[in-house]
$ cat target-v1.txt   # compact mmCIF, C-alpha atoms
# COMPACT_ATOMS: atom_id res chain seq x y z
CA MET B 1 -114.03 -62.54 -29.05
CA ASN B 2 -113.00 -62.09 -32.60
CA ASN B 3 -112.66 -58.36 -32.06
CA ARG B 4 -110.41 -58.89 -29.05
CA ASN B 5 -108.22 -61.38 -30.89
CA GLY B 6 -107.92 -58.99 -33.79
CA LYS B 7 -106.87 -56.15 -31.51
CA ARG B 8 -104.26 -58.35 -29.90
CA ARG B 9 -102.85 -59.33 -33.29
CA ARG B 10 -102.68 -55.70 -34.37
CA ARG B 11 -100.87 -54.80 -31.14
CA ARG B 12 -98.34 -57.63 -31.64
CA ASP B 13 -97.82 -56.62 -35.26
CA THR B 14 -97.34 -52.99 -34.24
CA THR B 15 -94.83 -53.95 -31.50
CA ALA B 16 -92.87 -56.17 -33.88
CA SER B 17 -92.89 -53.40 -36.46
CA HIS B 18 -91.48 -50.91 -33.90
CA ARG B 19 -88.83 -53.39 -32.85
CA GLN B 20 -87.80 -53.98 -36.46
CA SER B 21 -87.70 -50.23 -37.09
CA ALA B 22 -85.59 -49.66 -33.96
CA ALA B 23 -83.22 -52.42 -35.00
CA THR B 24 -82.94 -50.87 -38.44
CA ASP B 25 -82.28 -47.37 -37.04
CA GLU B 26 -79.42 -48.52 -34.74
CA PRO B 27 -76.07 -47.22 -36.05
CA ASN B 28 -73.58 -49.76 -37.36
CA THR B 29 -70.63 -48.89 -35.12
CA GLN B 30 -68.43 -51.63 -36.55
CA SER B 31 -68.44 -50.13 -40.01
CA GLN B 32 -67.38 -46.61 -38.85
CA PRO B 33 -63.58 -45.66 -38.71
CA PRO B 34 -62.04 -45.60 -35.22
CA ASP B 35 -61.56 -41.81 -35.06
CA LYS B 36 -61.22 -41.79 -31.29
CA GLU B 37 -58.43 -44.38 -31.40
CA LYS B 38 -56.55 -42.43 -34.07
CA SER B 39 -56.89 -39.25 -32.05
CA ALA B 40 -55.52 -40.97 -28.96
CA TRP B 41 -52.49 -42.33 -30.83
CA LEU B 42 -51.87 -38.90 -32.36
CA LYS B 43 -51.83 -37.32 -28.91
CA VAL B 44 -49.35 -39.93 -27.64
CA ILE B 45 -47.02 -39.44 -30.60
CA THR B 46 -47.21 -35.64 -30.33
CA LYS B 47 -46.39 -35.83 -26.62
CA GLN B 48 -43.40 -38.11 -27.21
CA VAL B 49 -42.05 -35.89 -30.00
CA SER B 50 -42.39 -32.81 -27.79
CA LEU B 51 -40.60 -34.60 -24.96
CA TRP B 52 -37.68 -35.75 -27.13
CA TRP B 53 -37.43 -32.29 -28.71
CA ALA B 54 -37.20 -30.69 -25.27
CA VAL B 55 -34.50 -33.21 -24.24
CA LEU B 56 -32.54 -32.50 -27.43
CA MET B 57 -32.72 -28.75 -26.90
CA GLY B 58 -31.55 -29.22 -23.31
CA LEU B 59 -28.56 -31.30 -24.41
CA ILE B 60 -27.62 -28.69 -27.02
CA ALA B 61 -27.82 -25.94 -24.38
CA LEU B 62 -25.62 -27.96 -22.02
CA ALA B 63 -23.06 -28.59 -24.78
CA GLU B 64 -22.93 -24.87 -25.64
CA ALA B 65 -22.50 -23.96 -21.97
CA ALA B 66 -19.76 -26.57 -21.53
CA TYR B 67 -17.90 -25.17 -24.55
CA ASP B 68 -18.34 -21.54 -23.51
CA TYR B 69 -17.07 -22.19 -20.00
CA SER B 70 -14.36 -24.74 -20.78
CA PRO B 71 -10.77 -23.60 -20.08
CA ARG B 72 -8.83 -22.40 -23.12
CA LEU B 73 -5.23 -21.18 -23.36
CA SER B 74 -3.32 -19.61 -26.22
CA ILE B 75 0.47 -19.76 -26.60
CA ASP B 76 2.38 -17.13 -28.60
CA ALA B 77 6.07 -16.50 -29.21
CA VAL B 78 7.02 -13.02 -27.99
CA THR B 79 10.74 -12.87 -28.86
CA PHE B 80 13.27 -14.98 -30.71
CA ASP B 81 17.04 -14.64 -30.60
CA GLU B 82 19.10 -16.72 -33.03
CA SER B 83 22.04 -16.72 -30.64
CA ASP B 84 19.92 -18.01 -27.75
CA PRO B 85 16.77 -19.78 -29.00
CA MET B 86 16.25 -21.39 -25.61
CA ALA B 87 15.61 -17.91 -24.24
CA THR B 88 12.64 -17.39 -26.58
CA LEU B 89 9.81 -15.90 -24.58
CA PHE B 90 6.40 -17.49 -24.84
CA ARG B 91 3.24 -15.78 -23.66
CA VAL B 92 0.48 -18.02 -22.30
CA THR B 93 -2.92 -16.29 -22.17
CA ASN B 94 -6.11 -17.53 -20.61
CA ILE B 95 -8.69 -16.81 -23.34
CA GLY B 96 -11.46 -18.77 -21.60
CA ARG B 97 -14.09 -17.50 -19.20
CA VAL B 98 -12.86 -19.37 -16.12
CA SER B 99 -9.63 -19.42 -14.18
CA VAL B 100 -7.21 -22.34 -14.41
CA SER B 101 -4.71 -23.46 -11.79
CA ASN B 102 -1.47 -25.41 -11.31
CA ILE B 103 -0.08 -24.51 -14.73
CA SER B 104 3.20 -26.16 -15.64
CA PHE B 105 5.27 -25.81 -18.79
CA ARG B 106 7.50 -28.00 -20.91
CA CYS B 107 9.34 -27.56 -24.19
CA GLN B 108 10.55 -29.89 -26.86
CA MET B 109 13.11 -28.71 -29.42
CA THR B 110 14.37 -30.57 -32.46
CA ASP B 111 16.32 -29.85 -35.63
CA ASN B 112 15.39 -33.18 -37.30
CA ARG B 113 18.62 -34.69 -35.97
CA ARG B 114 18.47 -34.13 -32.23
CA LYS B 115 15.55 -33.84 -29.86
CA ILE B 116 15.75 -32.02 -26.54
CA PHE B 117 13.04 -32.22 -23.90
CA LEU B 118 12.99 -29.56 -21.18
CA GLN B 119 10.74 -29.37 -18.15
CA GLY B 120 10.98 -27.79 -14.73
CA ASN B 121 13.82 -25.36 -15.57
CA VAL B 122 13.23 -22.49 -13.15
CA VAL B 123 15.35 -19.42 -12.49
CA SER B 124 14.49 -16.85 -9.81
CA ASP B 125 16.44 -13.63 -9.19
CA LEU B 126 16.86 -11.73 -5.90
CA ALA B 127 13.66 -9.79 -6.54
CA GLY B 128 11.71 -13.03 -6.80
CA THR B 129 11.13 -12.76 -10.55
CA VAL B 130 10.68 -16.20 -12.01
CA SER B 131 11.94 -17.10 -15.46
CA GLY B 132 12.39 -20.35 -17.25
CA GLN B 133 9.51 -22.79 -16.82
CA GLY B 134 8.24 -21.77 -13.43
CA ASP B 135 4.73 -22.95 -12.55
CA VAL B 136 1.77 -20.60 -12.27
CA ALA B 137 -0.60 -21.17 -9.34
CA VAL B 138 -3.66 -19.48 -10.87
CA LEU B 139 -4.21 -17.84 -14.24
CA ARG B 140 -7.42 -15.85 -14.34
CA SER B 141 -9.52 -15.18 -17.40
CA GLY B 142 -7.90 -12.60 -19.70
CA ARG B 143 -4.56 -12.72 -17.87
CA ALA B 144 -1.22 -13.83 -19.32
CA GLU B 145 2.14 -15.16 -18.10
CA THR B 146 5.45 -15.23 -19.96
CA ARG B 147 7.93 -18.07 -19.76
CA ASP B 148 10.99 -19.36 -21.64
CA CYS B 149 12.30 -22.88 -22.16
CA ALA B 150 15.81 -22.57 -20.72
CA ALA B 151 17.66 -19.30 -21.15
CA ASN B 152 21.45 -19.47 -21.64
CA SER B 153 21.24 -23.21 -22.17
CA MET B 154 24.23 -25.25 -23.25
CA PHE B 155 22.02 -26.89 -25.89
CA ASN B 156 22.09 -23.76 -28.08
CA ASN B 157 25.38 -24.77 -29.67
CA ILE B 158 24.29 -28.26 -30.73
CA LEU B 159 21.04 -27.37 -32.53
CA ASN B 160 20.70 -26.30 -36.13
CA ILE B 161 18.77 -23.08 -35.61
CA ALA B 162 17.72 -22.80 -39.25
CA ALA B 163 15.82 -26.09 -38.96
CA LEU B 164 14.60 -25.57 -35.40
CA LYS B 165 11.17 -26.75 -34.32
CA ILE B 166 9.77 -25.93 -30.90
CA ASP B 167 6.75 -27.40 -29.14
CA VAL B 168 5.52 -25.57 -26.07
CA VAL B 169 3.01 -27.33 -23.80
CA ALA B 170 1.09 -25.77 -20.93
CA SER B 171 -0.69 -28.24 -18.61
CA TYR B 172 -3.35 -27.09 -16.15
CA ASP B 173 -6.17 -28.17 -13.85
CA TRP B 174 -9.82 -27.58 -14.68
CA PRO B 175 -11.76 -25.56 -12.10
CA LEU B 176 -14.05 -27.54 -9.76
CA PHE B 177 -13.42 -30.94 -11.36
CA GLY B 178 -9.62 -30.95 -11.02
CA LEU B 179 -9.17 -32.68 -14.36
CA ARG B 180 -5.71 -32.34 -15.90
CA ALA B 181 -5.60 -30.96 -19.45
CA SER B 182 -3.03 -29.31 -21.69
CA GLU B 183 -2.67 -26.87 -24.55
CA SER B 184 0.23 -26.99 -27.02
CA GLN B 185 1.62 -24.89 -29.85
CA HIS B 186 4.10 -25.88 -32.55
CA PHE B 187 6.64 -23.33 -33.85
CA THR B 188 9.19 -23.43 -36.65
CA THR B 189 11.95 -21.05 -37.71
CA ARG B 190 11.66 -19.19 -40.99
CA ARG B 191 14.24 -16.97 -42.68
CA ILE B 192 12.93 -13.70 -44.09
CA ALA B 193 14.70 -11.61 -46.76
CA GLY B 194 17.41 -14.26 -46.81
CA LYS B 195 18.87 -12.98 -43.55
CA LYS B 196 16.87 -12.86 -40.34
CA LEU B 197 15.37 -15.93 -38.73
CA ILE B 198 11.96 -15.60 -37.10
CA LEU B 199 9.85 -18.03 -35.15
CA VAL B 200 6.30 -18.59 -36.42
CA PRO B 201 3.41 -20.80 -35.31
CA ASP B 202 2.94 -23.74 -37.62
CA THR B 203 1.17 -27.05 -37.95
CA GLU B 204 3.23 -29.96 -36.70
CA SER B 205 5.01 -31.84 -39.48

$ encode --input "target-v1.txt" --output "structure tokens"
Amino acid sequence: MNNRNGKRRRRRDTTASHRQSAATDEPNTQSQPPDKEKSAWLKVITKQVSLWWAVLMGLIALAEAAYDYSPRLSIDAVTFDESDPMATLFRVTNIGRVSVSNISFRCQMTDNRRKIFLQGNVVSDLAGTVSGQGDVAVLRSGRAETRDCAANSMFNNILNIAALKIDVVASYDWPLFGLRASESQHFTTRRIAGKKLILVPDTES
């Protein structure tokens, strides 16, 4: 009997010892840093940054395309005659990549004392040549049209040509959208060599 009881005690002691050892060998997960959680957050942040970067690059590409394919006109003075400044020829060139339509013209002339606004002055000869401010139905990319404000106008005699300022405005429709936009250029007269007056592009003052 004593031998059996002793064996049973030894077995219980051995089992308790194994249990204590197993409990001691178990890793303390609470004391370790949450590496998996950090990794998950890092992946989420990286994904969001990549997404926003792609959106930003797409917006920049759209803005560049909109600028490259937006209508653009340039306005230059071709001739200037002191005796008939209203007959000054202006060349309107489509320097954009797309065609524009329904182009109309208007001019404003001032000598700091009087202001004259001209629009819709159209002259057509027997051959059908249009002068003045005749509209242009379509102006394709790289093409140009020449117009004047009002040739042989009665206003020539009431303006001080030496102080003349001319604003030429070309209004047009955007392709596809039909939006109405305009391009303008400001010109002033300048005397060279104390004699001849010329017309030059200038900032509006």

$ residues_near_point --input "target-v1.txt" --point "(-3.3, -21.9, -15.3)" --cutoff "7 Å" --atoms "all atoms listed in the file" --output "list in words"
Ser99, Val100, Ser101, Asn102, Ile103, Val136, Ala137, Val138, Leu139 and Tyr172 of chain B

$ closest_atom_pairs --input "target-v1.txt" --of "stretch 66-169 of chain B" --to "stretch 176-193 of chain B" --cutoff "12 Å" --atoms "all atoms listed in the file" --output "Markdown table"
| residue | atom | partner | partner_atom | distance |
| --- | --- | --- | --- | --- |
| B:Tyr69 | CA | B:Leu176 | CA | 11.9 |
| B:Ser70 | CA | B:Ala181 | CA | 10.8 |
| B:Pro71 | CA | B:Ala181 | CA | 9.0 |
| B:Arg72 | CA | B:Glu183 | CA | 7.7 |
| B:Leu73 | CA | B:Glu183 | CA | 6.4 |
| B:Ser74 | CA | B:Glu183 | CA | 7.5 |
| B:Ile75 | CA | B:Gln185 | CA | 6.2 |
| B:Asp76 | CA | B:Gln185 | CA | 7.9 |
| B:Ala77 | CA | B:Phe187 | CA | 8.3 |
| B:Val78 | CA | B:Phe187 | CA | 11.9 |
| B:Phe80 | CA | B:Thr189 | CA | 9.4 |
| B:Asp81 | CA | B:Thr189 | CA | 10.8 |
| B:Glu82 | CA | B:Thr189 | CA | 9.6 |
| B:Pro85 | CA | B:Thr189 | CA | 10.0 |
| B:Thr88 | CA | B:Phe187 | CA | 11.1 |
| B:Phe90 | CA | B:Gln185 | CA | 10.1 |
| B:Arg91 | CA | B:Gln185 | CA | 11.1 |
| B:Val92 | CA | B:Glu183 | CA | 9.7 |
| B:Thr93 | CA | B:Glu183 | CA | 10.8 |
| B:Asn94 | CA | B:Glu183 | CA | 10.7 |
| B:Ile95 | CA | B:Glu183 | CA | 11.8 |
| B:Val98 | CA | B:Leu176 | CA | 10.4 |
| B:Ser99 | CA | B:Leu176 | CA | 10.2 |
| B:Val100 | CA | B:Gly178 | CA | 9.6 |
| B:Ser101 | CA | B:Gly178 | CA | 9.0 |
| B:Asn102 | CA | B:Arg180 | CA | 9.3 |
| B:Ile103 | CA | B:Ser182 | CA | 9.0 |
| B:Ser104 | CA | B:Ser182 | CA | 9.2 |
| B:Phe105 | CA | B:Ser182 | CA | 9.5 |
| B:Arg106 | CA | B:Ser184 | CA | 9.6 |
| B:Cys107 | CA | B:Ser184 | CA | 9.6 |
| B:Gln108 | CA | B:His186 | CA | 9.5 |
| B:Met109 | CA | B:Phe187 | CA | 9.5 |
| B:Thr110 | CA | B:Thr188 | CA | 9.8 |
| B:Asp111 | CA | B:Thr188 | CA | 9.6 |
| B:Asn112 | CA | B:Thr188 | CA | 11.6 |
| B:Asn160 | CA | B:Thr189 | CA | 10.3 |
| B:Ile161 | CA | B:Thr189 | CA | 7.4 |
| B:Ala162 | CA | B:Thr189 | CA | 6.2 |
| B:Ala163 | CA | B:Thr189 | CA | 6.5 |
| B:Leu164 | CA | B:Thr189 | CA | 5.7 |
| B:Lys165 | CA | B:Thr188 | CA | 4.5 |
| B:Ile166 | CA | B:Phe187 | CA | 5.0 |
| B:Asp167 | CA | B:His186 | CA | 4.6 |
| B:Val168 | CA | B:Gln185 | CA | 5.5 |
| B:Val169 | CA | B:Ser184 | CA | 4.3 |

$ write_last_selection --input "target-v1.txt" --atoms "C-alpha atoms" --output "PDB file, keeping the file's coordinate frame"
ATOM      1  CA  TYR B  69     -17.070 -22.190 -20.000  1.00  0.00           C
ATOM      2  CA  SER B  70     -14.360 -24.740 -20.780  1.00  0.00           C
ATOM      3  CA  PRO B  71     -10.770 -23.600 -20.080  1.00  0.00           C
ATOM      4  CA  ARG B  72      -8.830 -22.400 -23.120  1.00  0.00           C
ATOM      5  CA  LEU B  73      -5.230 -21.180 -23.360  1.00  0.00           C
ATOM      6  CA  SER B  74      -3.320 -19.610 -26.220  1.00  0.00           C
ATOM      7  CA  ILE B  75       0.470 -19.760 -26.600  1.00  0.00           C
ATOM      8  CA  ASP B  76       2.380 -17.130 -28.600  1.00  0.00           C
ATOM      9  CA  ALA B  77       6.070 -16.500 -29.210  1.00  0.00           C
ATOM     10  CA  VAL B  78       7.020 -13.020 -27.990  1.00  0.00           C
ATOM     11  CA  PHE B  80      13.270 -14.980 -30.710  1.00  0.00           C
ATOM     12  CA  ASP B  81      17.040 -14.640 -30.600  1.00  0.00           C
ATOM     13  CA  GLU B  82      19.100 -16.720 -33.030  1.00  0.00           C
ATOM     14  CA  PRO B  85      16.770 -19.780 -29.000  1.00  0.00           C
ATOM     15  CA  THR B  88      12.640 -17.390 -26.580  1.00  0.00           C
ATOM     16  CA  PHE B  90       6.400 -17.490 -24.840  1.00  0.00           C
ATOM     17  CA  ARG B  91       3.240 -15.780 -23.660  1.00  0.00           C
ATOM     18  CA  VAL B  92       0.480 -18.020 -22.300  1.00  0.00           C
ATOM     19  CA  THR B  93      -2.920 -16.290 -22.170  1.00  0.00           C
ATOM     20  CA  ASN B  94      -6.110 -17.530 -20.610  1.00  0.00           C
ATOM     21  CA  ILE B  95      -8.690 -16.810 -23.340  1.00  0.00           C
ATOM     22  CA  VAL B  98     -12.860 -19.370 -16.120  1.00  0.00           C
ATOM     23  CA  SER B  99      -9.630 -19.420 -14.180  1.00  0.00           C
ATOM     24  CA  VAL B 100      -7.210 -22.340 -14.410  1.00  0.00           C
ATOM     25  CA  SER B 101      -4.710 -23.460 -11.790  1.00  0.00           C
ATOM     26  CA  ASN B 102      -1.470 -25.410 -11.310  1.00  0.00           C
ATOM     27  CA  ILE B 103      -0.080 -24.510 -14.730  1.00  0.00           C
ATOM     28  CA  SER B 104       3.200 -26.160 -15.640  1.00  0.00           C
ATOM     29  CA  PHE B 105       5.270 -25.810 -18.790  1.00  0.00           C
ATOM     30  CA  ARG B 106       7.500 -28.000 -20.910  1.00  0.00           C
ATOM     31  CA  CYS B 107       9.340 -27.560 -24.190  1.00  0.00           C
ATOM     32  CA  GLN B 108      10.550 -29.890 -26.860  1.00  0.00           C
ATOM     33  CA  MET B 109      13.110 -28.710 -29.420  1.00  0.00           C
ATOM     34  CA  THR B 110      14.370 -30.570 -32.460  1.00  0.00           C
ATOM     35  CA  ASP B 111      16.320 -29.850 -35.630  1.00  0.00           C
ATOM     36  CA  ASN B 112      15.390 -33.180 -37.300  1.00  0.00           C
ATOM     37  CA  ASN B 160      20.700 -26.300 -36.130  1.00  0.00           C
ATOM     38  CA  ILE B 161      18.770 -23.080 -35.610  1.00  0.00           C
ATOM     39  CA  ALA B 162      17.720 -22.800 -39.250  1.00  0.00           C
ATOM     40  CA  ALA B 163      15.820 -26.090 -38.960  1.00  0.00           C
ATOM     41  CA  LEU B 164      14.600 -25.570 -35.400  1.00  0.00           C
ATOM     42  CA  LYS B 165      11.170 -26.750 -34.320  1.00  0.00           C
ATOM     43  CA  ILE B 166       9.770 -25.930 -30.900  1.00  0.00           C
ATOM     44  CA  ASP B 167       6.750 -27.400 -29.140  1.00  0.00           C
ATOM     45  CA  VAL B 168       5.520 -25.570 -26.070  1.00  0.00           C
ATOM     46  CA  VAL B 169       3.010 -27.330 -23.800  1.00  0.00           C
TER      47      VAL B 169
END

$ atom_distance --input "target-v1.txt" --atom1 "atom CA of B:Glu37" --atom2 "atom CA of B:Val55"
27.4 Å

$ atom_distance --input "target-v1.txt" --atom1 "atom CA of B:Ala144" --atom2 "atom CA of B:Ala66"
22.6 Å

$ closest_residue --input "target-v1.txt" --among "B:Gly96, B:Gln48, B:Lys196, B:Glu64" --to "B:Arg143" --atoms "only C-alpha atoms"
B:Gly96

$ atom_distance --input "target-v1.txt" --atom1 "atom CA of B:Trp52" --atom2 "atom CA of B:Ala40"
18.7 Å

$ closest_residue --input "target-v1.txt" --among "B:Arg147, B:Arg114, B:Arg140, B:Lys43" --to "B:Ala87" --atoms "all atoms listed in the file"
B:Arg147

$ closest_residue --input "target-v1.txt" --among "B:Val49, B:Lys38, B:Tyr67, B:Asp135" --to "B:Ser171" --atoms "all atoms listed in the file"
B:Asp135
